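Everything below belongs to protein26.cif, which stores mmCIF, C-alpha atoms; chains and numbers go by the auth columns.
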data_run
#
loop_
_atom_site.group_PDB
_atom_site.id
_atom_site.type_symbol
_atom_site.label_atom_id
_atom_site.label_comp_id
_atom_site.label_asym_id
_atom_site.label_seq_id
_atom_site.Cartn_x
_atom_site.Cartn_y
_atom_site.Cartn_z
_atom_site.B_iso_or_equiv
_atom_site.auth_seq_id
_atom_site.auth_asym_id
ATOM 1 C CA SER A 1 110.798 107.696 103.103 0.00 1322 D
ATOM 2 C CA GLY A 2 107.158 107.953 104.260 0.00 1323 D
ATOM 3 C CA ARG A 3 105.989 104.833 102.424 0.00 1324 D
ATOM 4 C CA PRO A 4 108.412 102.297 103.951 0.00 1325 D
ATOM 5 C CA MET A 5 107.954 103.814 107.414 0.00 1326 D
ATOM 6 C CA ALA A 6 104.170 103.538 107.066 0.00 1327 D
ATOM 7 C CA GLY A 7 104.581 99.909 106.053 0.00 1328 D
ATOM 8 C CA ARG A 8 106.937 99.309 108.938 0.00 1329 D
ATOM 9 C CA ALA A 9 104.263 100.480 111.369 0.00 1330 D
ATOM 10 C CA ARG A 10 102.059 97.634 110.186 0.00 1331 D
ATOM 11 C CA LEU A 11 104.909 95.158 110.549 0.00 1332 D
ATOM 12 C CA THR A 12 105.158 95.909 114.263 0.00 1333 D
ATOM 13 C CA GLN A 13 102.097 93.711 114.875 0.00 1334 D
ATOM 14 C CA THR A 14 102.675 90.036 115.690 0.00 1335 D
ATOM 15 C CA PRO A 15 100.332 87.221 114.585 0.00 1336 D
ATOM 16 C CA LEU A 16 101.630 84.968 117.386 0.00 1337 D
ATOM 17 C CA GLY A 17 98.646 83.264 119.008 0.00 1338 D
ATOM 18 C CA ALA A 18 96.383 83.534 115.982 0.00 1339 D
ATOM 19 C CA ALA A 19 97.047 79.843 115.258 0.00 1340 D
ATOM 20 C CA ALA A 20 95.847 78.382 111.955 0.00 1341 D
ATOM 21 C CA LEU A 21 92.378 79.883 111.908 0.00 1342 D
ATOM 22 C CA ALA A 22 90.605 81.240 114.976 0.00 1343 D
ATOM 23 C CA GLY A 23 93.145 81.572 117.736 0.00 1344 D
ATOM 24 C CA THR A 24 94.118 79.068 120.417 0.00 1345 D
ATOM 25 C CA PRO A 25 92.105 77.674 123.364 0.00 1346 D
ATOM 26 C CA TYR A 26 95.142 78.063 125.638 0.00 1347 D
ATOM 27 C CA PRO A 27 94.851 81.041 128.007 0.00 1348 D
ATOM 28 C CA ILE A 28 97.775 83.021 126.572 0.00 1349 D
ATOM 29 C CA ASP A 29 98.339 86.759 126.890 0.00 1350 D
ATOM 30 C CA ARG A 30 99.029 87.940 123.347 0.00 1351 D
ATOM 31 C CA HIS A 31 99.871 91.450 124.508 0.00 1352 D
ATOM 32 C CA HIS A 32 102.505 90.032 126.846 0.00 1353 D
ATOM 33 C CA THR A 33 104.139 87.932 124.121 0.00 1354 D
ATOM 34 C CA ALA A 34 104.006 90.852 121.700 0.00 1355 D
ATOM 35 C CA ALA A 35 105.831 93.085 124.187 0.00 1356 D
ATOM 36 C CA ALA A 36 108.356 90.357 125.036 0.00 1357 D
ATOM 37 C CA LEU A 37 109.247 89.951 121.359 0.00 1358 D
ATOM 38 C CA GLY A 38 109.541 93.691 120.720 0.00 1359 D
ATOM 39 C CA PHE A 39 106.305 94.200 118.784 0.00 1360 D
ATOM 40 C CA ASP A 40 103.970 97.112 119.406 0.00 1361 D
ATOM 41 C CA ARG A 41 100.857 94.956 119.679 0.00 1362 D
ATOM 42 C CA PRO A 42 99.289 91.701 118.455 0.00 1363 D
ATOM 43 C CA THR A 43 97.249 91.576 115.267 0.00 1364 D
ATOM 44 C CA GLU A 44 93.545 92.128 115.874 0.00 1365 D
ATOM 45 C CA LYS A 45 91.964 89.358 113.791 0.00 1366 D
ATOM 46 C CA SER A 46 93.244 85.802 113.885 0.00 1367 D
ATOM 47 C CA LEU A 47 91.651 84.719 110.601 0.00 1368 D
ATOM 48 C CA ASP A 48 93.283 87.594 108.757 0.00 1369 D
ATOM 49 C CA SER A 49 96.641 87.015 110.473 0.00 1370 D
ATOM 50 C CA GLY A 50 97.297 83.718 108.757 0.00 1371 D
ATOM 51 C CA SER A 51 95.753 84.448 105.382 0.00 1372 D
ATOM 52 C CA ASP A 52 96.934 88.018 104.829 0.00 1373 D
ATOM 53 C CA ARG A 53 100.111 88.855 102.876 0.00 1374 D
ATOM 54 C CA ASP A 54 99.434 92.563 102.535 0.00 1375 D
ATOM 55 C CA PHE A 55 102.748 93.371 104.212 0.00 1376 D
ATOM 56 C CA ALA A 56 104.637 91.640 101.383 0.00 1377 D
ATOM 57 C CA ILE A 57 102.486 93.229 98.672 0.00 1378 D
ATOM 58 C CA GLU A 58 102.814 96.652 100.273 0.00 1379 D
ATOM 59 C CA PHE A 59 106.595 96.406 100.382 0.00 1380 D
ATOM 60 C CA CYS A 60 106.760 95.239 96.767 0.00 1381 D
ATOM 61 C CA ALA A 61 104.500 98.126 95.723 0.00 1382 D
ATOM 62 C CA PHE A 62 106.826 100.571 97.485 0.00 1383 D
ATOM 63 C CA ALA A 63 109.815 98.866 95.847 0.00 1384 D
ATOM 64 C CA ALA A 64 108.200 99.119 92.403 0.00 1385 D
ATOM 65 C CA LEU A 65 107.709 102.862 92.890 0.00 1386 D
ATOM 66 C CA LEU A 66 111.251 103.324 94.172 0.00 1387 D
ATOM 67 C CA LEU A 67 112.752 101.363 91.283 0.00 1388 D
ATOM 68 C CA THR A 68 110.579 103.315 88.851 0.00 1389 D
ATOM 69 C CA HIS A 69 112.195 106.545 90.056 0.00 1390 D
ATOM 70 C CA LEU A 70 115.667 105.022 89.919 0.00 1391 D
ATOM 71 C CA SER A 71 114.885 103.752 86.423 0.00 1392 D
ATOM 72 C CA ARG A 72 113.903 107.218 85.242 0.00 1393 D
ATOM 73 C CA ILE A 73 117.095 108.704 86.661 0.00 1394 D
ATOM 74 C CA SER A 74 119.039 105.877 85.024 0.00 1395 D
ATOM 75 C CA GLU A 75 117.449 106.697 81.678 0.00 1396 D
ATOM 76 C CA GLU A 76 118.674 110.279 81.999 0.00 1397 D
ATOM 77 C CA LEU A 77 122.174 109.123 82.904 0.00 1398 D
ATOM 78 C CA VAL A 78 122.315 106.686 79.976 0.00 1399 D
ATOM 79 C CA LEU A 79 121.295 109.495 77.611 0.00 1400 D
ATOM 80 C CA TRP A 80 123.675 111.993 79.196 0.00 1401 D
ATOM 81 C CA THR A 81 126.672 109.679 78.834 0.00 1402 D
ATOM 82 C CA SER A 82 125.971 109.072 75.149 0.00 1403 D
ATOM 83 C CA ALA A 83 128.148 110.675 72.495 0.00 1404 D
ATOM 84 C CA GLN A 84 125.147 112.679 71.290 0.00 1405 D
ATOM 85 C CA PHE A 85 124.651 114.370 74.687 0.00 1406 D
ATOM 86 C CA ASP A 86 128.025 114.029 76.474 0.00 1407 D
ATOM 87 C CA PHE A 87 126.693 115.899 79.514 0.00 1408 D
ATOM 88 C CA ILE A 88 128.355 113.742 82.166 0.00 1409 D
ATOM 89 C CA GLU A 89 131.229 111.345 82.660 0.00 1410 D
ATOM 90 C CA LEU A 90 130.991 108.155 84.689 0.00 1411 D
ATOM 91 C CA PRO A 91 134.196 106.673 86.125 0.00 1412 D
ATOM 92 C CA ASP A 92 135.348 103.427 84.538 0.00 1413 D
ATOM 93 C CA ARG A 93 134.423 101.353 87.580 0.00 1414 D
ATOM 94 C CA PHE A 94 130.740 101.929 86.817 0.00 1415 D
ATOM 95 C CA CYS A 95 131.108 101.048 83.139 0.00 1416 D
ATOM 96 C CA THR A 96 132.420 98.366 80.802 0.00 1417 D
ATOM 97 C CA GLY A 97 133.724 98.430 77.296 0.00 1418 D
ATOM 98 C CA SER A 98 131.560 97.420 74.390 0.00 1419 D
ATOM 99 C CA SER A 99 131.908 93.819 73.214 0.00 1420 D
ATOM 100 C CA ILE A 100 132.250 94.979 69.607 0.00 1421 D
ATOM 101 C CA MET A 101 133.030 98.736 69.537 0.00 1422 D
ATOM 102 C CA PRO A 102 136.469 99.529 71.015 0.00 1423 D
ATOM 103 C CA GLN A 103 135.721 103.233 71.421 0.00 1424 D
ATOM 104 C CA LYS A 104 132.514 102.771 73.407 0.00 1425 D
ATOM 105 C CA LYS A 105 132.063 102.849 77.189 0.00 1426 D
ATOM 106 C CA ASN A 106 128.770 101.394 78.406 0.00 1427 D
ATOM 107 C CA PRO A 107 127.099 102.922 81.512 0.00 1428 D
ATOM 108 C CA ASP A 108 126.534 99.579 83.223 0.00 1429 D
ATOM 109 C CA VAL A 109 125.141 100.687 86.574 0.00 1430 D
ATOM 110 C CA PRO A 110 122.354 102.907 85.148 0.00 1431 D
ATOM 111 C CA GLU A 111 121.470 100.290 82.532 0.00 1432 D
ATOM 112 C CA LEU A 112 121.337 97.450 85.065 0.00 1433 D
ATOM 113 C CA VAL A 113 119.287 99.435 87.598 0.00 1434 D
ATOM 114 C CA ARG A 114 116.941 100.555 84.822 0.00 1435 D
ATOM 115 C CA GLY A 115 116.367 96.906 84.010 0.00 1436 D
ATOM 116 C CA LYS A 116 115.643 95.914 87.616 0.00 1437 D
ATOM 117 C CA VAL A 117 112.294 97.706 87.669 0.00 1438 D
ATOM 118 C CA GLY A 118 110.872 95.026 85.358 0.00 1439 D
ATOM 119 C CA ARG A 119 111.968 92.361 87.820 0.00 1440 D
ATOM 120 C CA VAL A 120 110.393 94.132 90.804 0.00 1441 D
ATOM 121 C CA ASN A 121 107.192 94.974 88.918 0.00 1442 D
ATOM 122 C CA GLY A 122 106.952 91.292 88.070 0.00 1443 D
ATOM 123 C CA HIS A 123 107.260 90.324 91.728 0.00 1444 D
ATOM 124 C CA LEU A 124 104.460 92.735 92.662 0.00 1445 D
ATOM 125 C CA ILE A 125 102.132 91.293 90.026 0.00 1446 D
ATOM 126 C CA SER A 126 103.156 87.787 91.095 0.00 1447 D
ATOM 127 C CA LEU A 127 102.098 88.436 94.694 0.00 1448 D
ATOM 128 C CA LEU A 128 98.844 90.125 93.715 0.00 1449 D
ATOM 129 C CA THR A 129 97.989 87.212 91.447 0.00 1450 D
ATOM 130 C CA LEU A 130 98.968 84.708 94.138 0.00 1451 D
ATOM 131 C CA MET A 131 96.509 86.222 96.632 0.00 1452 D
ATOM 132 C CA LYS A 132 93.587 87.128 94.399 0.00 1453 D
ATOM 133 C CA SER A 133 91.611 83.858 94.569 0.00 1454 D
ATOM 134 C CA GLN A 134 92.585 82.346 97.900 0.00 1455 D
ATOM 135 C CA PRO A 135 89.963 81.438 100.467 0.00 1456 D
ATOM 136 C CA LEU A 136 90.465 82.784 103.966 0.00 1457 D
ATOM 137 C CA ALA A 137 92.837 81.146 106.442 0.00 1458 D
ATOM 138 C CA TYR A 138 96.292 79.894 105.602 0.00 1459 D
ATOM 139 C CA THR A 139 96.876 77.890 102.436 0.00 1460 D
ATOM 140 C CA LYS A 140 100.103 76.449 101.100 0.00 1461 D
ATOM 141 C CA ASP A 141 99.928 78.842 98.152 0.00 1462 D
ATOM 142 C CA ASN A 142 101.419 81.445 100.468 0.00 1463 D
ATOM 143 C CA GLN A 143 104.773 79.703 100.449 0.00 1464 D
ATOM 144 C CA GLU A 144 105.156 81.287 97.016 0.00 1465 D
ATOM 145 C CA ALA A 145 105.172 84.745 98.625 0.00 1466 D
ATOM 146 C CA LYS A 146 108.630 84.397 100.136 0.00 1467 D
ATOM 147 C CA GLU A 147 110.787 84.193 97.032 0.00 1468 D
ATOM 148 C CA PRO A 148 109.484 87.340 95.293 0.00 1469 D
ATOM 149 C CA LEU A 149 109.549 89.252 98.571 0.00 1470 D
ATOM 150 C CA PHE A 150 113.114 88.282 99.461 0.00 1471 D
ATOM 151 C CA ASP A 151 114.348 88.922 95.928 0.00 1472 D
ATOM 152 C CA THR A 152 112.670 92.335 95.955 0.00 1473 D
ATOM 153 C CA VAL A 153 114.467 93.226 99.183 0.00 1474 D
ATOM 154 C CA ASP A 154 117.805 92.150 97.710 0.00 1475 D
ATOM 155 C CA THR A 155 117.155 94.033 94.469 0.00 1476 D
ATOM 156 C CA VAL A 156 116.228 97.267 96.253 0.00 1477 D
ATOM 157 C CA LEU A 157 119.273 97.129 98.532 0.00 1478 D
ATOM 158 C CA ASP A 158 121.645 96.324 95.665 0.00 1479 D
ATOM 159 C CA SER A 159 120.227 99.105 93.491 0.00 1480 D
ATOM 160 C CA LEU A 160 120.433 101.690 96.274 0.00 1481 D
ATOM 161 C CA ARG A 161 124.004 100.672 97.117 0.00 1482 D
ATOM 162 C CA ALA A 162 124.997 101.003 93.472 0.00 1483 D
ATOM 163 C CA PHE A 163 123.410 104.448 93.195 0.00 1484 D
ATOM 164 C CA ALA A 164 124.902 105.631 96.489 0.00 1485 D
ATOM 165 C CA ASP A 165 128.340 104.624 95.241 0.00 1486 D
ATOM 166 C CA MET A 166 127.905 106.028 91.729 0.00 1487 D
ATOM 167 C CA SER A 167 126.086 109.327 92.299 0.00 1488 D
ATOM 168 C CA PRO A 168 128.925 111.236 94.037 0.00 1489 D
ATOM 169 C CA ALA A 169 131.310 110.100 91.276 0.00 1490 D
ATOM 170 C CA ILE A 170 129.306 111.620 88.402 0.00 1491 D
ATOM 171 C CA LYS A 171 131.304 114.385 86.722 0.00 1492 D
ATOM 172 C CA PRO A 172 129.311 117.026 84.836 0.00 1493 D
ATOM 173 C CA ARG A 173 130.644 118.365 81.539 0.00 1494 D
ATOM 174 C CA LYS A 174 129.591 121.943 82.144 0.00 1495 D
ATOM 175 C CA GLU A 175 130.538 123.423 78.784 0.00 1496 D
ATOM 176 C CA GLN A 176 128.491 120.877 76.850 0.00 1497 D
ATOM 177 C CA MET A 177 125.529 121.500 79.165 0.00 1498 D
ATOM 178 C CA ARG A 178 125.854 125.257 78.750 0.00 1499 D
ATOM 179 C CA GLU A 179 126.014 124.937 74.971 0.00 1500 D
ATOM 180 C CA ALA A 180 122.924 122.709 74.944 0.00 1501 D
ATOM 181 C CA ALA A 181 121.037 125.265 77.022 0.00 1502 D
ATOM 182 C CA ARG A 182 122.153 128.040 74.677 0.00 1503 D
ATOM 183 C CA ARG A 183 120.909 126.167 71.612 0.00 1504 D
ATOM 184 C CA GLY A 184 117.496 125.664 73.166 0.00 1505 D
ATOM 185 C CA PHE A 185 116.595 129.369 73.618 0.00 1506 D
ATOM 186 C CA SER A 186 116.236 128.675 77.335 0.00 1507 D
ATOM 187 C CA THR A 187 115.784 132.398 78.154 0.00 1508 D
ATOM 188 C CA ALA A 188 112.748 132.813 75.876 0.00 1509 D
ATOM 189 C CA THR A 189 110.301 132.745 78.792 0.00 1510 D
ATOM 190 C CA ASP A 190 112.493 135.247 80.655 0.00 1511 D
ATOM 191 C CA LEU A 191 112.233 137.595 77.670 0.00 1512 D
ATOM 192 C CA ALA A 192 108.452 137.195 77.658 0.00 1513 D
ATOM 193 C CA ASP A 193 108.343 138.037 81.370 0.00 1514 D
ATOM 194 C CA TYR A 194 110.552 141.065 80.702 0.00 1515 D
ATOM 195 C CA LEU A 195 108.069 142.285 78.092 0.00 1516 D
ATOM 196 C CA VAL A 196 105.177 141.790 80.508 0.00 1517 D
ATOM 197 C CA GLY A 197 107.105 143.993 82.924 0.00 1518 D
ATOM 198 C CA LEU A 198 107.080 146.680 80.229 0.00 1519 D
ATOM 199 C CA GLY A 199 103.274 146.493 80.122 0.00 1520 D
ATOM 200 C CA LEU A 200 102.597 143.995 77.330 0.00 1521 D
ATOM 201 C CA PRO A 201 99.912 141.343 77.899 0.00 1522 D
ATOM 202 C CA PHE A 202 101.563 137.940 78.082 0.00 1523 D
ATOM 203 C CA ARG A 203 99.713 136.836 74.930 0.00 1524 D
ATOM 204 C CA ASP A 204 101.389 139.648 72.964 0.00 1525 D
ATOM 205 C CA ALA A 205 104.739 139.037 74.669 0.00 1526 D
ATOM 206 C CA HIS A 206 104.487 135.379 73.684 0.00 1527 D
ATOM 207 C CA GLU A 207 104.019 136.363 70.031 0.00 1528 D
ATOM 208 C CA VAL A 208 106.940 138.807 70.104 0.00 1529 D
ATOM 209 C CA VAL A 209 109.282 136.230 71.570 0.00 1530 D
ATOM 210 C CA GLY A 210 108.116 133.647 69.042 0.00 1531 D
ATOM 211 C CA LYS A 211 109.209 135.962 66.232 0.00 1532 D
ATOM 212 C CA ALA A 212 112.550 136.592 67.947 0.00 1533 D
ATOM 213 C CA VAL A 213 113.161 132.869 68.340 0.00 1534 D
ATOM 214 C CA ALA A 214 112.249 132.246 64.693 0.00 1535 D
ATOM 215 C CA HIS A 215 114.861 134.836 63.731 0.00 1536 D
ATOM 216 C CA GLY A 216 117.364 133.099 65.998 0.00 1537 D
ATOM 217 C CA VAL A 217 116.701 129.770 64.297 0.00 1538 D
ATOM 218 C CA GLU A 218 117.223 131.351 60.867 0.00 1539 D
ATOM 219 C CA THR A 219 120.478 133.076 61.869 0.00 1540 D
ATOM 220 C CA ASN A 220 121.737 130.349 64.232 0.00 1541 D
ATOM 221 C CA SER A 221 121.993 132.859 67.067 0.00 1542 D
ATOM 222 C CA ASP A 222 120.775 132.873 70.657 0.00 1543 D
ATOM 223 C CA LEU A 223 118.595 135.679 71.979 0.00 1544 D
ATOM 224 C CA ALA A 224 121.503 137.004 74.026 0.00 1545 D
ATOM 225 C CA GLU A 225 123.655 137.198 70.871 0.00 1546 D
ATOM 226 C CA MET A 226 121.259 139.541 69.064 0.00 1547 D
ATOM 227 C CA ASP A 227 122.044 143.252 69.249 0.00 1548 D
ATOM 228 C CA LEU A 228 119.662 145.738 70.788 0.00 1549 D
ATOM 229 C CA ALA A 229 118.494 147.069 67.440 0.00 1550 D
ATOM 230 C CA THR A 230 117.509 143.570 66.293 0.00 1551 D
ATOM 231 C CA LEU A 231 115.503 142.956 69.452 0.00 1552 D
ATOM 232 C CA GLN A 232 113.833 146.360 69.181 0.00 1553 D
ATOM 233 C CA GLY A 233 112.707 145.328 65.705 0.00 1554 D
ATOM 234 C CA PHE A 234 110.410 142.848 67.453 0.00 1555 D
ATOM 235 C CA CYS A 235 109.326 145.292 70.176 0.00 1556 D
ATOM 236 C CA ALA A 236 110.352 148.950 70.201 0.00 1557 D
ATOM 237 C CA ASP A 237 110.033 149.214 73.999 0.00 1558 D
ATOM 238 C CA ILE A 238 112.978 146.868 74.669 0.00 1559 D
ATOM 239 C CA ARG A 239 115.918 148.615 76.339 0.00 1560 D
ATOM 240 C CA GLU A 240 119.555 147.795 77.107 0.00 1561 D
ATOM 241 C CA ASP A 241 118.596 146.197 80.425 0.00 1562 D
ATOM 242 C CA VAL A 242 117.105 143.279 78.492 0.00 1563 D
ATOM 243 C CA PHE A 243 120.580 141.728 78.421 0.00 1564 D
ATOM 244 C CA ASP A 244 120.504 141.450 82.205 0.00 1565 D
ATOM 245 C CA VAL A 245 117.654 139.018 81.605 0.00 1566 D
ATOM 246 C CA LEU A 246 119.114 137.242 78.589 0.00 1567 D
#
Go through the file and emit its structure as structure tokens.
Amino acid sequence: SGRPMAGRARLTQTPLGAAALAGTPYPIDRHHTAAALGFDRPTEKSLDSGSDRDFAIEFCAFAALLLTHLSRISEELVLWTSAQFDFIELPDRFCTGSSIMPQKKNPDVPELVRGKVGRVNGHLISLLTLMKSQPLAYTKDNQEAKEPLFDTVDTVLDSLRAFADMSPAIKPRKEQMREAARRGFSTATDLADYLVGLGLPFRDAHEVVGKAVAHGVETNSDLAEMDLATLQGFCADIREDVFDVL
């Protein structure tokens, strides 16, 4: 939230009175008009006021970062809904059926939001390219800034609305998640820390656990499924309390 609020602070300055280049000869009070229109203050430099589009670029840069994060979350959700993972279930209203596979349910919202980051990144590059070779003062090139900016705003709002609607409706499949964690020897580091607590240097504990995991791979068993005697075969100091860790 800090980035858009920082950008907003710069949008509270009004260019009114800067005119096309170097201000106006009329004896206006720019601070008065700024206050009357609800701005914090007038912009400081008239030449920059007409030629600058940093506010649009800054917003698009923020939007590109935001959509990048949403895209990464979307990638996780797409993977987690797949038959290979099956970690979560998305309600039908966020999905559609496959055009060719009757059994398949496509996670539309994550896929569409994941795709939007390319659109917003493109708008950011478009604005940067638009501004890179302009002389100072206003030029008609800047009319091209509006469309990418407005579309970026719409894209961000639509993506956030979709996520706000979808996220509370995600249903975790806890048993599949637990089984995946079990298959990955997720308590291996905990066992190493346990051995360090017994006085082993972590380097030696790391080696001991590596051998235990190799045995688990061979026997298709998790560390917690091994009996005490098996674990003591890797380190004689292991005691019954190891299962509190595993």
**OP:** Kindly resolve the PyMOL selection byres ((chain D and resi 1362) around 8) on the present coordinates and return the residues as a ChimeraX atom specification.
**Re:** /D:1333-1335,1352,1355-1356,1360-1361,1363-1364
**OP:** Name the closest residue to Ala1385 (chain D) among the candidates D:Gly1531, D:Pro1325, D:Pro1346, D:Gly1338; distances are taken between atoms, counting all atoms listed in the file.
**Re:** D:Pro1325
Original post:
Using the chain letters and numbers from the file, which residues does the PyMOL selection byres ((chain D and resi 1371) around 6) grab, as an MDAnalysis selection string?
Top reply: chainID D and resid 1369:1370 1372:1373 1458:1459
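The residues caught by the PyMOL selection byres ((chain D and resi 1390) around 12) in this file are Phe1383, Ala1384, Ala1385, Leu1386, Leu1387, Leu1388, Thr1389, Leu1391, Ser1392, Arg1393, Ile1394, Ser1395, Glu1396, Glu1397, Pro1431, Val1434, Arg1435, Lys1437, Val1438, Val1477, Ser1480, Leu1481 and Phe1484 of chain D.
Interatomic distance, CA of Phe1555 (chain D) to CA of Ala1533 (chain D): 6.6 Å.
Counting only C-alpha atoms and comparing D:Glu1432, D:Asp1543, D:Asp1413, D:Asp1475, the residue that lies closest to Val1399 (chain D) is D:Glu1432.
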Subject >> Interatomic distance (Å, one decimal) between CA of Leu1368 (chain D) and CA of Phe1471 (chain D) >> reply: 24.4 Å
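Using only C-alpha atoms, the shortest contact distance between Asp1525 (chain D) and any of D:Glu1539, D:Glu1365, D:Cys1556, D:Asp1511 is found at D:Cys1556.
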I want to know what sits within 12 Å of region 1514-1516 of chain D, based on all atoms listed in the file, with residues of the same chain fewer than 3 positions away left out; could you give that as a tab-separated table (two decimals) with C-alpha atoms, in the frame of the given file?
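Here's the written file part_22.tsv:
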chain	number	residue	atom	x	y	z
D	1508	THR	CA	115.78	132.40	78.15
D	1509	ALA	CA	112.75	132.81	75.88
D	1510	THR	CA	110.30	132.74	78.79
D	1511	ASP	CA	112.49	135.25	80.66
D	1519	LEU	CA	107.08	146.68	80.23
D	1520	GLY	CA	103.27	146.49	80.12
D	1521	LEU	CA	102.60	144.00	77.33
D	1522	PRO	CA	99.91	141.34	77.90
D	1523	PHE	CA	101.56	137.94	78.08
D	1524	ARG	CA	99.71	136.84	74.93
D	1525	ASP	CA	101.39	139.65	72.96
D	1526	ALA	CA	104.74	139.04	74.67
D	1527	HIS	CA	104.49	135.38	73.68
D	1528	GLU	CA	104.02	136.36	70.03
D	1529	VAL	CA	106.94	138.81	70.10
D	1530	VAL	CA	109.28	136.23	71.57
D	1552	LEU	CA	115.50	142.96	69.45
D	1553	GLN	CA	113.83	146.36	69.18
D	1555	PHE	CA	110.41	142.85	67.45
D	1556	CYS	CA	109.33	145.29	70.18
D	1557	ALA	CA	110.35	148.95	70.20
D	1558	ASP	CA	110.03	149.21	74.00
D	1559	ILE	CA	112.98	146.87	74.67
D	1560	ARG	CA	115.92	148.62	76.34
D	1561	GLU	CA	119.56	147.79	77.11
D	1562	ASP	CA	118.60	146.20	80.42
D	1563	VAL	CA	117.10	143.28	78.49
D	1564	PHE	CA	120.58	141.73	78.42
D	1565	ASP	CA	120.50	141.45	82.20
D	1566	VAL	CA	117.65	139.02	81.60
D	1567	LEU	CA	119.11	137.24	78.59
Subject >> Atomic separation - CA of Leu1337 (chain D) relative to CA of Thr1354 (chain D), Å >> reply: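 CA of Leu1337 (chain D) lies at a distance of 7.8 Å from CA of Thr1354 (chain D).
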Counting all atoms listed in the file, which residues of region 1390-1462 of chain D fall within 9 Å of region 1492-1501 of chain D, and what is the closest atom pair for each with its distance in Å at one decimal, ordered by chain and rising number, as a tab-separated table?
residue	atom	partner	partner_atom	distance
D:Phe1406	CA	D:Gln1497	CA	7.9
D:Asp1407	CA	D:Gln1497	CA	6.9
D:Phe1408	CA	D:Arg1494	CA	5.1
D:Ile1409	CA	D:Pro1493	CA	4.3
D:Glu1410	CA	D:Lys1492	CA	5.1
D:Leu1411	CA	D:Lys1492	CA	6.6
D:Pro1412	CA	D:Lys1492	CA	8.3
Original post:
Quick one: of D:Phe1506, D:Trp1401, D:Phe1415, D:Phe1380, who's nearest to Arg1324 (chain D), counting only C-alpha atoms?
Top reply: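 Of D:Phe1506, D:Trp1401, D:Phe1415, D:Phe1380, the one nearest Arg1324 (chain D) is D:Phe1380, counting only C-alpha atoms.
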**OP:** Point out the residue among D:Val1474, D:Ile1446, D:Met1487, D:Val1538 with the least atom-to-atom distance to Asp1429 (chain D), counting all atoms listed in the file.
**Re:**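 Closest to Asp1429 (chain D) of all the choices is D:Met1487.
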Hey, can I get the axis-aligned box for region 1323-1342 of chain D? All listed atoms, 3 Å padding on each side, centre and edge lengths in Å to one decimal, as JSON.
{"center_x": 100.4, "center_y": 93.2, "center_z": 110.7, "size_x": 22.0, "size_y": 35.6, "size_z": 22.6}
Original post:
Smallest atom-to-atom distance to Pro1469 (chain D): which of D:Val1430, D:Ala1485, D:Cys1381, D:Leu1400, using only C-alpha atoms?
Top reply: D:Cys1381
Extract region 1338-1370 of chain D from the coordinates I pasted, and write it as a CSV table (one decimal), in the first residue's frame (atoms kept: C-alpha atoms).
chain,number,residue,atom,x,y,z
D,1338,GLY,CA,-1.3,28.3,-14.0
D,1339,ALA,CA,1.7,26.7,-15.6
D,1340,ALA,CA,0.3,27.4,-19.0
D,1341,ALA,CA,2.0,25.9,-22.1
D,1342,LEU,CA,5.6,26.7,-21.1
D,1343,ALA,CA,6.6,29.3,-18.6
D,1344,GLY,CA,3.5,30.3,-16.7
D,1345,THR,CA,1.0,33.1,-17.3
D,1346,PRO,CA,1.5,36.9,-17.2
D,1347,TYR,CA,-1.8,37.3,-15.5
D,1348,PRO,CA,-1.5,38.0,-11.7
D,1349,ILE,CA,-3.1,34.8,-10.5
D,1350,ASP,CA,-2.6,33.2,-7.1
D,1351,ARG,CA,-1.7,29.6,-7.8
D,1352,HIS,CA,-1.8,28.7,-4.1
D,1353,HIS,CA,-5.3,30.0,-3.9
D,1354,THR,CA,-6.6,28.0,-6.9
D,1355,ALA,CA,-4.8,24.9,-5.6
D,1356,ALA,CA,-6.6,25.2,-2.3
D,1357,ALA,CA,-9.9,26.0,-3.9
D,1358,LEU,CA,-9.7,22.8,-6.1
D,1359,GLY,CA,-8.6,20.6,-3.2
D,1360,PHE,CA,-5.0,20.2,-4.0
D,1361,ASP,CA,-2.2,20.4,-1.4
D,1362,ARG,CA,-0.1,22.9,-3.5
D,1363,PRO,CA,0.7,24.0,-7.0
D,1364,THR,CA,3.6,22.3,-9.0
D,1365,GLU,CA,6.9,24.1,-8.5
D,1366,LYS,CA,8.1,24.3,-12.1
D,1367,SER,CA,5.9,25.4,-15.0
D,1368,LEU,CA,8.1,23.9,-17.7
D,1369,ASP,CA,8.0,20.5,-16.1
D,1370,SER,CA,4.3,20.7,-15.3
